[in-house]
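This report refers to the structure that appears directly beneath it.
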Amino acid sequence: MDALETLSEWSQILACPVPQSLKAEFANDPDRASKMTIQAGDLRIDYSKQMIDEIAITRLLDLASARATASAFARMAKGERINFTEGRAVGHMALRTPRGEQFLIDGVDVVPAVWSVLDQMANLARAIRSGEFIGSTGRRIRSVVNIGIGGSDLGPAMVYEALRGNRSPDISCRFVSNVDPADLEANLAGLNPAETLFIVASKTFTTVETLTNARAARQWLVDQLGESAVEKHFVALSTDTQAVREFGIDTKNMFEFWDWVGGRYSVPSAIGLSVMIAVGPEVFFDFLSGMHAMDIHTAQATGRMNGPLMLALVNIWNAAALKTSSRAVIPYSFDLRRFPAYLQQLIMESNGKSVRSDGTRVPYATSPVIWGEPGTNGQHAFMQLLHQGTDVVPVDFIGFARTSADDASRNELLFTNLLAQSRALAFGRNIDELPDSPARPHRVFEGNRPSTTIVAPELSAGVLGQLIALYEHSTFFEGAIWDINSFDQWGVELGKELALSIGSTLADFSTHNHPELDSSTHTLLSWFTEHRQNNNQ
Ligand code: F6P
């Protein structure tokens, strides 16, 4: 692939002037909002408050054509091994392909296997929800504890919260991810082991945090109900049957997925089991249908009608032309409060890369830092910096016309606050609008701070599926344009290796010299050894 910086389409973008005033852009074109709004399924994506104009949009679309983003997407949809550093296909779209349709990976249609696992999950979910499935002492399952980390935690934890309105009142789920014993301890508090199902969720089944927590949870169960209870109270979600067996979970209690499912793309797979138990198979299938609808939209909508593509191009523009290095995602929805954390893994683990396909270093910025909290809370915390700070931080606002709670007036308050924030960011307030006082310059809002607003009628399972797939595919398009591999995560490996090696250093730290350590690590280990011993006394 040609280096991005050698393309004339890229030079055209770098040379493109950034509009100076959103006020003027809106005044000069009364149709700006409709021209810069896309309807993608149930999602309405309005990027008219971005610092962008028609010339920039045309140049960005030229860049997308030069990078053949549509055929890159088609290659993923054909199951090609586009994860080139790991030699793997990228098949998460197969996970939501309707029964009876095809998704080929290495020439094999994987849809029957996908649905066989979905059916297996649905059988367990229905049996738990109806009370037919019982624990080792004959009691119904009332609590589900998902033990996983990264994609094996963030996806199900986020979707479980988001679909609060669809959950059964009889079953609650908890999510344990951190190897800090406090996480498991806090989440086991108050649980009755006889009514608890543990789901050990790990694609590789080698992740230290997950296996350590799973062993501790197993011990907690065995201490109270005996060894024979494990079979009825532990299931595994993994790609590795052998590792599940070695851990001590019967493989008939295993729900399979495959190495062509990336961890951060895995919530529609078996990794979604806790969600399916909580909301029931039918709602989970609606969620999958929503994702599939966005897959189809992305494959079929052309140019500026394509939601994920335009979201990606706006982000590319912000990084290249506005030089922004951070992006906030602010859902005006309490139920979506885990969505920013979910997107952190999706986007930053996918596109936080600096080496491109030919092994050379990129000479341009790739993924920004993704962060966020729900509105309106963020307004009383970090929004100050977004309005008046020295850094420009583009924002994605997400909002809904209706919430699950039947209270129109509070929901109006929520939505009007979203609009107030995006207007204040875009149009600001200049000094002439303010009374003369010493505080006058401090009360000026420069405006021209970019945002996109994504809205939908309500946060249904289908809409949530569309929203997730929207971000998955915009992340894909960004990676395709930057020519990086959005599907590996080598950046987390070194930390894992060093944690193991520091672990063995700690084991003999008090009896051996460790000249290989830097002085900072050495001193911190000494401190830890000293205080740990004090704690243990
Ligand atoms: O450490 C990164 C990572 O590999 C993520 O990509 C993944 O989602 C997470 O760890 C958990 O991995 P696993 O599901 O194999 O336990």
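A note on labels: chains of the structure tokens are A, B, ... as shown, every chain counts residues from 1, and ligands are counted from 1 in their shown order.
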
**Study point:** Residues flagged helix (DSSP H, G or I) by DSSP in stretch 102-196 of chain A, as a VMD selection string
**Key:** chain A and resid 111 to 130 150 to 152 154 to 162 164 to 166 181 to 188 193 to 195

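Using only C-alpha atoms and all ligand atoms as the basis for the distance check, residues found within 6 Å of ligand 1 are Ile149, Gly150, Gly151, Ser152, Ser202, Lys203, Thr204, Phe205, Thr207, Gly263, Arg264 and Val492 of chain A.
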
Go ahead and save the residues from that selection, with all heavy atoms, as an mmCIF file, in the first residue's frame.
data_model
loop_
_atom_site.group_PDB
_atom_site.id
_atom_site.type_symbol
_atom_site.label_atom_id
_atom_site.label_comp_id
_atom_site.auth_asym_id
_atom_site.auth_seq_id
_atom_site.Cartn_x
_atom_site.Cartn_y
_atom_site.Cartn_z
ATOM 1 N N ILE A 149 -11.670 -10.163 31.643
ATOM 2 C CA ILE A 149 -11.057 -8.826 31.620
ATOM 3 C C ILE A 149 -10.959 -8.360 30.167
ATOM 4 O O ILE A 149 -11.033 -9.176 29.248
ATOM 5 C CB ILE A 149 -9.678 -8.853 32.345
ATOM 6 C CG1 ILE A 149 -9.222 -7.439 32.739
ATOM 7 C CG2 ILE A 149 -8.619 -9.564 31.515
ATOM 8 C CD1 ILE A 149 -8.087 -7.423 33.763
ATOM 9 N N GLY A 150 -10.779 -7.068 29.968
ATOM 10 C CA GLY A 150 -10.706 -6.533 28.598
ATOM 11 C C GLY A 150 -12.011 -6.825 27.878
ATOM 12 O O GLY A 150 -13.104 -6.625 28.419
ATOM 13 N N GLY A 151 -11.921 -7.350 26.678
ATOM 14 C CA GLY A 151 -13.119 -7.634 25.890
ATOM 15 C C GLY A 151 -14.013 -8.679 26.537
ATOM 16 O O GLY A 151 -15.209 -8.749 26.240
ATOM 17 N N SER A 152 -13.455 -9.494 27.419
ATOM 18 C CA SER A 152 -14.250 -10.528 28.078
ATOM 19 C C SER A 152 -14.974 -9.977 29.304
ATOM 20 O O SER A 152 -15.607 -10.726 30.043
ATOM 21 C CB SER A 152 -13.335 -11.701 28.476
ATOM 22 O OG SER A 152 -12.746 -12.236 27.313
ATOM 23 N N SER A 202 -12.800 -16.083 28.924
ATOM 24 C CA SER A 202 -11.446 -15.752 28.456
ATOM 25 C C SER A 202 -11.228 -16.393 27.101
ATOM 26 O O SER A 202 -11.267 -17.623 26.986
ATOM 27 C CB SER A 202 -10.398 -16.251 29.454
ATOM 28 O OG SER A 202 -9.104 -16.021 28.946
ATOM 29 N N LYS A 203 -10.986 -15.558 26.119
ATOM 30 C CA LYS A 203 -10.755 -16.087 24.769
ATOM 31 C C LYS A 203 -9.598 -17.086 24.788
ATOM 32 O O LYS A 203 -9.709 -18.198 24.293
ATOM 33 C CB LYS A 203 -10.465 -14.915 23.823
ATOM 34 C CG LYS A 203 -10.083 -15.338 22.419
ATOM 35 C CD LYS A 203 -9.860 -14.135 21.526
ATOM 36 C CE LYS A 203 -9.173 -14.588 20.246
ATOM 37 N NZ LYS A 203 -8.950 -13.495 19.300
ATOM 38 N N THR A 204 -8.490 -16.682 25.371
ATOM 39 C CA THR A 204 -7.284 -17.517 25.349
ATOM 40 C C THR A 204 -7.252 -18.520 26.491
ATOM 41 O O THR A 204 -6.561 -19.527 26.420
ATOM 42 C CB THR A 204 -6.052 -16.620 25.506
ATOM 43 O OG1 THR A 204 -6.232 -15.832 26.693
ATOM 44 C CG2 THR A 204 -5.885 -15.703 24.310
ATOM 45 N N PHE A 205 -7.946 -18.235 27.560
ATOM 46 C CA PHE A 205 -7.904 -18.992 28.811
ATOM 47 C C PHE A 205 -6.482 -19.062 29.372
ATOM 48 O O PHE A 205 -6.085 -20.033 30.022
ATOM 49 C CB PHE A 205 -8.508 -20.400 28.654
ATOM 50 C CG PHE A 205 -9.621 -20.637 29.646
ATOM 51 C CD1 PHE A 205 -10.857 -20.048 29.485
ATOM 52 C CD2 PHE A 205 -9.417 -21.436 30.775
ATOM 53 C CE1 PHE A 205 -11.875 -20.223 30.418
ATOM 54 C CE2 PHE A 205 -10.431 -21.627 31.710
ATOM 55 C CZ PHE A 205 -11.663 -21.018 31.525
ATOM 56 N N THR A 207 -5.210 -15.774 30.458
ATOM 57 C CA THR A 207 -5.054 -14.444 31.056
ATOM 58 C C THR A 207 -4.958 -14.556 32.582
ATOM 59 O O THR A 207 -5.871 -15.070 33.239
ATOM 60 C CB THR A 207 -6.234 -13.549 30.628
ATOM 61 O OG1 THR A 207 -6.276 -13.561 29.204
ATOM 62 C CG2 THR A 207 -6.073 -12.129 31.123
ATOM 63 N N GLY A 263 -10.994 -10.021 20.975
ATOM 64 C CA GLY A 263 -11.584 -9.844 22.303
ATOM 65 C C GLY A 263 -12.502 -8.633 22.367
ATOM 66 O O GLY A 263 -13.615 -8.693 22.886
ATOM 67 N N ARG A 264 -12.052 -7.510 21.806
ATOM 68 C CA ARG A 264 -12.838 -6.269 21.893
ATOM 69 C C ARG A 264 -14.033 -6.250 20.944
ATOM 70 O O ARG A 264 -14.804 -5.302 20.948
ATOM 71 C CB ARG A 264 -11.923 -5.066 21.668
ATOM 72 C CG ARG A 264 -11.095 -5.107 20.395
ATOM 73 C CD ARG A 264 -9.966 -4.079 20.466
ATOM 74 N NE ARG A 264 -9.034 -4.136 19.344
ATOM 75 C CZ ARG A 264 -7.960 -4.917 19.286
ATOM 76 N NH1 ARG A 264 -7.685 -5.748 20.274
ATOM 77 N NH2 ARG A 264 -7.151 -4.879 18.244
ATOM 78 N N VAL A 492 0.218 -4.677 24.473
ATOM 79 C CA VAL A 492 -0.040 -5.079 25.860
ATOM 80 C C VAL A 492 0.886 -6.217 26.300
ATOM 81 O O VAL A 492 0.913 -6.581 27.467
ATOM 82 C CB VAL A 492 -1.522 -5.490 26.079
ATOM 83 C CG1 VAL A 492 -2.445 -4.317 25.846
ATOM 84 C CG2 VAL A 492 -1.908 -6.653 25.202
#

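Minimum distance to A:Pro181 across A:Gln50, A:Pro515, A:Glu209, A:Val117 (counting only C-alpha atoms) occurs at A:Glu209.
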
Check your understanding: Which residues come within 8 Å of A:Thr241, counting only C-alpha atoms, excluding same-chain residues fewer than 4 positions away, as a ChimeraX atom specification?
Key -> /A:245,251,254,256

Export N, CA and C atoms of the chosen residues as an mmCIF file, in the first residue's frame?
data_model
loop_
_atom_site.group_PDB
_atom_site.id
_atom_site.type_symbol
_atom_site.label_atom_id
_atom_site.label_comp_id
_atom_site.auth_asym_id
_atom_site.auth_seq_id
_atom_site.Cartn_x
_atom_site.Cartn_y
_atom_site.Cartn_z
ATOM 1 N N ARG A 245 -10.394 -27.521 29.929
ATOM 2 C CA ARG A 245 -10.344 -28.831 30.592
ATOM 3 C C ARG A 245 -9.275 -28.815 31.675
ATOM 4 N N THR A 251 -15.851 -29.733 29.728
ATOM 5 C CA THR A 251 -16.049 -29.043 28.445
ATOM 6 C C THR A 251 -17.501 -29.116 27.955
ATOM 7 N N MET A 254 -18.853 -25.736 28.370
ATOM 8 C CA MET A 254 -18.067 -24.696 27.680
ATOM 9 C C MET A 254 -18.852 -24.173 26.478
ATOM 10 N N GLU A 256 -18.213 -22.154 23.027
ATOM 11 C CA GLU A 256 -17.035 -21.921 22.190
ATOM 12 C C GLU A 256 -17.126 -20.616 21.403
#

Review point. Smallest atom-to-atom distance to A:Ala157: which of A:Asp335, A:Asp31, A:Glu185, A:Asp2, using only C-alpha atoms?
Key: A:Asp335

Can you list, as a PDB file with N, CA, C and O atoms, in the first residue's frame, every protein, DNA or RNA residue that comes within 12 Å of A:Val114 when you count only C-alpha atoms, leaving out same-chain residues fewer than 5 positions away?
ATOM      1  N   GLY A  91     -13.621 -11.966  11.913  1.00  0.00           N
ATOM      2  CA  GLY A  91     -14.969 -12.437  11.556  1.00  0.00           C
ATOM      3  C   GLY A  91     -16.080 -12.015  12.482  1.00  0.00           C
ATOM      4  O   GLY A  91     -17.130 -12.660  12.505  1.00  0.00           O
ATOM      5  N   HIS A  92     -15.906 -10.895  13.223  1.00  0.00           N
ATOM      6  CA  HIS A  92     -16.975 -10.589  14.196  1.00  0.00           C
ATOM      7  C   HIS A  92     -18.325 -10.348  13.525  1.00  0.00           C
ATOM      8  O   HIS A  92     -19.357 -10.527  14.156  1.00  0.00           O
ATOM      9  N   MET A  93     -18.320  -9.968  12.232  1.00  0.00           N
ATOM     10  CA  MET A  93     -19.624  -9.775  11.578  1.00  0.00           C
ATOM     11  C   MET A  93     -20.358 -11.106  11.382  1.00  0.00           C
ATOM     12  O   MET A  93     -21.584 -11.126  11.278  1.00  0.00           O
ATOM     13  N   ALA A  94     -19.596 -12.213  11.375  1.00  0.00           N
ATOM     14  CA  ALA A  94     -20.264 -13.525  11.263  1.00  0.00           C
ATOM     15  C   ALA A  94     -21.120 -13.811  12.488  1.00  0.00           C
ATOM     16  O   ALA A  94     -22.120 -14.530  12.412  1.00  0.00           O
ATOM     17  N   LEU A  95     -20.730 -13.225  13.627  1.00  0.00           N
ATOM     18  CA  LEU A  95     -21.422 -13.519  14.889  1.00  0.00           C
ATOM     19  C   LEU A  95     -22.855 -12.998  14.891  1.00  0.00           C
ATOM     20  O   LEU A  95     -23.657 -13.408  15.713  1.00  0.00           O
ATOM     21  N   ARG A  96     -23.151 -12.035  14.021  1.00  0.00           N
ATOM     22  CA  ARG A  96     -24.516 -11.499  13.968  1.00  0.00           C
ATOM     23  C   ARG A  96     -25.121 -11.691  12.586  1.00  0.00           C
ATOM     24  O   ARG A  96     -26.085 -11.021  12.223  1.00  0.00           O
ATOM     25  N   THR A  97     -24.553 -12.585  11.804  1.00  0.00           N
ATOM     26  CA  THR A  97     -25.146 -12.897  10.506  1.00  0.00           C
ATOM     27  C   THR A  97     -26.378 -13.772  10.746  1.00  0.00           C
ATOM     28  O   THR A  97     -26.308 -14.747  11.504  1.00  0.00           O
ATOM     29  N   PRO A  98     -27.518 -13.404  10.127  1.00  0.00           N
ATOM     30  CA  PRO A  98     -28.733 -14.186  10.397  1.00  0.00           C
ATOM     31  C   PRO A  98     -28.567 -15.663  10.041  1.00  0.00           C
ATOM     32  O   PRO A  98     -27.838 -16.015   9.109  1.00  0.00           O
ATOM     33  N   ARG A  99     -29.240 -16.479  10.795  1.00  0.00           N
ATOM     34  CA  ARG A  99     -29.281 -17.924  10.538  1.00  0.00           C
ATOM     35  C   ARG A  99     -29.660 -18.150   9.071  1.00  0.00           C
ATOM     36  O   ARG A  99     -30.550 -17.481   8.542  1.00  0.00           O
ATOM     37  N   GLY A 100     -28.947 -19.044   8.427  1.00  0.00           N
ATOM     38  CA  GLY A 100     -29.292 -19.359   7.041  1.00  0.00           C
ATOM     39  C   GLY A 100     -28.518 -18.549   6.021  1.00  0.00           C
ATOM     40  O   GLY A 100     -28.420 -18.930   4.861  1.00  0.00           O
ATOM     41  N   GLU A 101     -27.943 -17.399   6.450  1.00  0.00           N
ATOM     42  CA  GLU A 101     -27.072 -16.666   5.515  1.00  0.00           C
ATOM     43  C   GLU A 101     -25.644 -17.178   5.678  1.00  0.00           C
ATOM     44  O   GLU A 101     -25.362 -17.949   6.591  1.00  0.00           O
ATOM     45  N   GLN A 102     -24.768 -16.735   4.756  1.00  0.00           N
ATOM     46  CA  GLN A 102     -23.398 -17.274   4.768  1.00  0.00           C
ATOM     47  C   GLN A 102     -22.375 -16.261   5.235  1.00  0.00           C
ATOM     48  O   GLN A 102     -22.513 -15.067   4.955  1.00  0.00           O
ATOM     49  N   PHE A 103     -21.354 -16.714   5.915  1.00  0.00           N
ATOM     50  CA  PHE A 103     -20.155 -15.898   6.158  1.00  0.00           C
ATOM     51  C   PHE A 103     -18.985 -16.870   6.051  1.00  0.00           C
ATOM     52  O   PHE A 103     -18.840 -17.781   6.867  1.00  0.00           O
ATOM     53  N   LEU A 104     -18.173 -16.683   5.019  1.00  0.00           N
ATOM     54  CA  LEU A 104     -17.098 -17.640   4.754  1.00  0.00           C
ATOM     55  C   LEU A 104     -15.800 -17.214   5.420  1.00  0.00           C
ATOM     56  O   LEU A 104     -15.400 -16.047   5.320  1.00  0.00           O
ATOM     57  N   ASP A 109     -18.326 -21.912   5.567  1.00  0.00           N
ATOM     58  CA  ASP A 109     -19.408 -21.077   6.112  1.00  0.00           C
ATOM     59  C   ASP A 109     -19.469 -21.296   7.629  1.00  0.00           C
ATOM     60  O   ASP A 109     -19.774 -22.398   8.102  1.00  0.00           O
ATOM     61  N   ASP A 119     -27.560 -21.139  20.031  1.00  0.00           N
ATOM     62  CA  ASP A 119     -28.654 -22.004  20.505  1.00  0.00           C
ATOM     63  C   ASP A 119     -28.302 -22.635  21.852  1.00  0.00           C
ATOM     64  O   ASP A 119     -29.154 -22.741  22.743  1.00  0.00           O
ATOM     65  N   GLN A 120     -27.040 -23.051  21.970  1.00  0.00           N
ATOM     66  CA  GLN A 120     -26.588 -23.647  23.245  1.00  0.00           C
ATOM     67  C   GLN A 120     -26.718 -22.612  24.378  1.00  0.00           C
ATOM     68  O   GLN A 120     -27.183 -22.921  25.480  1.00  0.00           O
ATOM     69  N   MET A 121     -26.327 -21.358  24.061  1.00  0.00           N
ATOM     70  CA  MET A 121     -26.454 -20.285  25.060  1.00  0.00           C
ATOM     71  C   MET A 121     -27.936 -20.055  25.407  1.00  0.00           C
ATOM     72  O   MET A 121     -28.304 -19.896  26.574  1.00  0.00           O
ATOM     73  N   PHE A 255     -18.740 -22.861  26.251  1.00  0.00           N
ATOM     74  CA  PHE A 255     -19.375 -22.216  25.098  1.00  0.00           C
ATOM     75  C   PHE A 255     -18.242 -21.677  24.243  1.00  0.00           C
ATOM     76  O   PHE A 255     -17.443 -20.856  24.695  1.00  0.00           O
ATOM     77  N   GLU A 256     -18.213 -22.154  23.027  1.00  0.00           N
ATOM     78  CA  GLU A 256     -17.035 -21.921  22.190  1.00  0.00           C
ATOM     79  C   GLU A 256     -17.126 -20.616  21.403  1.00  0.00           C
ATOM     80  O   GLU A 256     -18.217 -20.180  21.043  1.00  0.00           O
ATOM     81  N   PHE A 257     -16.003 -19.990  21.151  1.00  0.00           N
ATOM     82  CA  PHE A 257     -15.916 -19.057  20.028  1.00  0.00           C
ATOM     83  C   PHE A 257     -14.570 -19.261  19.358  1.00  0.00           C
ATOM     84  O   PHE A 257     -13.922 -20.281  19.624  1.00  0.00           O
ATOM     85  N   TRP A 258     -14.139 -18.386  18.489  1.00  0.00           N
ATOM     86  CA  TRP A 258     -13.097 -18.754  17.555  1.00  0.00           C
ATOM     87  C   TRP A 258     -12.012 -17.681  17.466  1.00  0.00           C
ATOM     88  O   TRP A 258     -12.255 -16.521  17.809  1.00  0.00           O
ATOM     89  N   TRP A 260     -10.935 -16.052  15.157  1.00  0.00           N
ATOM     90  CA  TRP A 260     -11.238 -14.918  14.264  1.00  0.00           C
ATOM     91  C   TRP A 260     -12.174 -13.902  14.925  1.00  0.00           C
ATOM     92  O   TRP A 260     -12.672 -12.987  14.270  1.00  0.00           O
ATOM     93  N   VAL A 261     -12.399 -14.069  16.230  1.00  0.00           N
ATOM     94  CA  VAL A 261     -13.161 -13.063  16.996  1.00  0.00           C
ATOM     95  C   VAL A 261     -12.183 -12.331  17.913  1.00  0.00           C
ATOM     96  O   VAL A 261     -11.639 -12.935  18.836  1.00  0.00           O
ATOM     97  N   PRO A 268     -20.921  -9.980  20.827  1.00  0.00           N
ATOM     98  CA  PRO A 268     -21.999 -10.774  20.223  1.00  0.00           C
ATOM     99  C   PRO A 268     -21.727 -12.281  20.216  1.00  0.00           C
ATOM    100  O   PRO A 268     -22.571 -13.052  19.751  1.00  0.00           O
ATOM    101  N   SER A 269     -20.584 -12.710  20.709  1.00  0.00           N
ATOM    102  CA  SER A 269     -20.259 -14.149  20.733  1.00  0.00           C
ATOM    103  C   SER A 269     -20.720 -14.752  22.062  1.00  0.00           C
ATOM    104  O   SER A 269     -21.484 -14.144  22.812  1.00  0.00           O
ATOM    105  N   ALA A 270     -20.201 -15.924  22.390  1.00  0.00           N
ATOM    106  CA  ALA A 270     -20.482 -16.562  23.690  1.00  0.00           C
ATOM    107  C   ALA A 270     -20.147 -15.635  24.855  1.00  0.00           C
ATOM    108  O   ALA A 270     -20.737 -15.754  25.939  1.00  0.00           O
ATOM    109  N   LEU A 288     -28.263  -8.532  18.301  1.00  0.00           N
ATOM    110  CA  LEU A 288     -27.464  -9.011  17.154  1.00  0.00           C
ATOM    111  C   LEU A 288     -28.024  -8.462  15.843  1.00  0.00           C
ATOM    112  O   LEU A 288     -27.256  -8.075  14.946  1.00  0.00           O
TER     113      LEU A 288
END

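Closest approach to A:Thr298 from the set A:Leu124, A:Leu4, A:Ala74, A:Val108 is made by A:Ala74, with distances taken over only C-alpha atoms.
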
Practice item. Find the spatial neighbours of A:Pro457, counting only C-alpha atoms, within a cut-off of 10 Å - ignore same-chain residues fewer than 2 positions away - and output them as a list in words. Key: Asp42, Leu43, Arg44, Gly399, Phe400, Ala401, Arg402, Thr403, Val455, Leu459, Ser460 and Val463 of chain A

Study note, to complete from the structure: re atom CA of A:Ser238 and atom CA of A:Ile271: distance 8.1 Å

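Between atom CA of A:Ser404 and atom CA of A:Ser48 there is a distance of 28.4 Å.
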
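Once A:Arg327 and its same-chain neighbours fewer than 4 positions away are set aside, Asn315, Asn318, Ala319, Ser367, Pro368, Val369, Ile370, Trp371, Gly372, Val392, Val393, Pro394, Val395, Asp396 and Ser451 of chain A remain within 10 Å of it when counting only C-alpha atoms.
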
Check your understanding: Near A:Trp482, within 7 Å and counting only C-alpha atoms, which residues show up once chain neighbours fewer than 3 positions away are dropped, as number ranges by chain?
Key -> A: 4, 366, 478-479

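The gap separating atom CA of A:Ile171 from atom CA of A:Ala278 is 6.3 Å, in Å to one decimal.
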
Practice item. Please return as number ranges by chain: the residues of stretch 368-457 of chain A that backbone DSSP assigns to strand (DSSP E). Key: A: 369-371, 395-400, 451-456

Would you mind exporting C-alpha atoms of the selected residues as an mmCIF file, in the first residue's frame?
data_model
loop_
_atom_site.group_PDB
_atom_site.id
_atom_site.type_symbol
_atom_site.label_atom_id
_atom_site.label_comp_id
_atom_site.auth_asym_id
_atom_site.auth_seq_id
_atom_site.Cartn_x
_atom_site.Cartn_y
_atom_site.Cartn_z
ATOM 1 C CA VAL A 369 -7.082 9.240 23.660
ATOM 2 C CA ILE A 370 -10.726 8.260 24.141
ATOM 3 C CA TRP A 371 -12.431 9.151 27.378
ATOM 4 C CA VAL A 395 -16.857 15.414 21.480
ATOM 5 C CA ASP A 396 -19.303 12.705 20.452
ATOM 6 C CA PHE A 397 -22.609 13.428 22.180
ATOM 7 C CA ILE A 398 -25.066 10.531 22.296
ATOM 8 C CA GLY A 399 -28.705 11.051 23.230
ATOM 9 C CA PHE A 400 -32.186 9.584 23.039
ATOM 10 C CA SER A 451 -18.739 17.911 18.198
ATOM 11 C CA THR A 452 -20.866 15.222 16.574
ATOM 12 C CA THR A 453 -24.332 14.421 17.909
ATOM 13 C CA ILE A 454 -25.674 10.886 17.571
ATOM 14 C CA VAL A 455 -29.316 10.400 18.495
ATOM 15 C CA ALA A 456 -31.899 7.610 18.339
#

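Counting only C-alpha atoms and comparing A:Thr6, A:Ser21, A:Ser474, A:Asn448, the residue that lies closest to A:Ala66 is A:Thr6.
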
Within 12 Å of stretch 407-424 of chain A, which residues of stretch 8-46 of chain A come that close, and what is the closest atom pair and distance in Å for each? Count only C-alpha atoms and give it as a tab-separated table.
residue	atom	partner	partner_atom	distance
A:Leu22	CA	A:Arg423	CA	10.2
A:Lys23	CA	A:Arg423	CA	10.2
A:Phe26	CA	A:Arg423	CA	11.9
A:Asp46	CA	A:Ser422	CA	11.1
